[in-house]
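Q: Handing you a structure now.
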Amino acid sequence: MSDLRLIGEIQPPLPGLKPLSLKMQRIISTASDLDNDPSGQADVSYMHSVLTQVSLPRKRVTEPTFERRSGGASVLLQAGQLWNGRAFEPQEIPYGPMPRLIIAWVSTFAIRNRTREIPVGNSGTAFLELLGYTTSGGKRGTYTTFRQQTKALAAVKMTLGFGTTTFNGNMVEQFDAWVVDSPMPQ
């Protein structure tokens with residue numbers, strides 16, 4: 001039984017042979033990974049080409065609109081509102097790395113599975129874990145940021161421009177999450 005090894009595991013050198021260099025071990029390990037996923041698709045993510053050029057703001061925006069241009073590409077974001085069951089709540093413009101990751105994850109899922117309906121788990125915590133984050137609460141916790149940025153993405157009105165083409169749309173068609181306002185992970 002002790003002679004069994006995992007597939008792709010680097011074996012100790014046979015008697016009389018030199019051990020493999022670290023570089024050669026990395027090459028073999030990468031080749032093994034590619035052999036397990038020959039398409040290389042596991043590491044590929046998708047995002048609209050205009051958003052790769054202009055994307056969302058890096059820092060909080062205090063204005064109700066945000067515009068960025070680069071070459072022939074442009075994005076115009078307008079803060080929206082979400083219905084909380086009693087009234088419309090104004091949302092901010094999404095910003096920072098988390099909404100960019102959410103857009104890439106949702107786009108990648110939609111393209112790989114050829115669907116417009118994106119399952120995000122049974123809770124905000126489940127979706128946060130799908131994205132690779134650990135869940136923490138509190139004012140600056142990942143769950144709080146995730147919740148704020150997800151709501152901002154769901155409400156934002158986005159206009160993309162490229163060349164002479166304009167696309168008007170929303171990131172989310174229907175948003176049913178987090179009706180109850182709770183700062184604790186759900």
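Identifiers in the structure tokens: chain A, B, ... in order shown; residue index from 1 per chain; ligand index from 1 in order shown.
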Please identify all polymer residues within 10 Å of Thr166 in chain A, counting only C-alpha atoms, omitting same-chain residues fewer than 4 positions from it, and present them as a ChimeraX atom specification.
A: /A:73-75,159-162
Q: Please measure the separation of CA of Ala110 in chain A and CA of Tyr46 in chain A, giving the value in Å to one decimal.
A: 9.2 Å
Q: From the set A:Val156, A:Leu82, A:Asn122, A:Pro94, which residue has the shortest atom-to-atom contact distance to Phe175 in chain A, counting only C-alpha atoms?
A: A:Leu82
Q: With the cut-off set at 12 Å and counting only C-alpha atoms, tabulate each residue of range 27-124 of chain A with an atom at most that distance from an atom of range 135-145 of chain A, showing the nearest atom pair and its distance in Å to one decimal, ordered by chain and increasing number, as CSV.
A:
residue,atom,partner,partner_atom,distance
A:Arg60,CA,A:Thr145,CA,11.8
A:Pro94,CA,A:Thr145,CA,10.4
A:Tyr95,CA,A:Thr145,CA,10.2
A:Gly96,CA,A:Thr145,CA,9.8
A:Pro97,CA,A:Thr145,CA,10.5
A:Met98,CA,A:Thr145,CA,8.0
A:Pro99,CA,A:Thr145,CA,9.6
A:Ser123,CA,A:Tyr143,CA,11.0
A:Gly124,CA,A:Tyr143,CA,7.6
Q: Could you check the closest approach to Arg112 in chain A for each of A:Ser45, A:Ser70, A:Thr65, A:Asn84 and tell me which residue wins, using only C-alpha atoms?
A: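 For Arg112 in chain A, the nearest of the candidates is A:Ser45.
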Q: Range 118-120 of chain A: which residues within 10 Å, counting only C-alpha atoms, same-chain residues fewer than 2 positions away excluded, as a list in words?
A: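 The residues that qualify are Trp105, Val106, Ser107, Phe109, Ala110, Asn113, Thr115, Arg116, Asn122, Ser123, Gly124, Thr125, Ala126, Phe127, Leu128, Glu129, Leu130 and Leu131 of chain A.
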Q: In Å, with one decimal, what is the gap from CA of Phe66 in chain A to CA of Gly80 in chain A?
A: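 Computed distance, CA of Phe66 in chain A to CA of Gly80 in chain A, equals 12.2 Å.
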Q: Which polymer residues have any atom within 8 Å of an atom of Asn170 in chain A, counting only C-alpha atoms, with same-chain residues fewer than 6 positions away left out, as a PyMOL selection string?
A: chain A and resi 154-158
Q: Please return as a list in words: the residues of range 13-88 of chain A that backbone DSSP assigns to alpha helix (DSSP H).
A: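 Of range 13-88 of chain A, only Leu22, Lys23, Met24, Gln25, Arg26, Ile27, Ile28, Ser29, Thr30, Ala31, Ser32, Asp33, Leu34, Asp35, Asn36, Ser49, Val50, Leu51, Thr52 and Gln53 of chain A fall in alpha helix (DSSP H).
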Q: Kindly give the distance, in Å, that separates CA of Leu76 in chain A and CA of Ser55 in chain A, rounded to a single decimal.
A: 9.8 Å
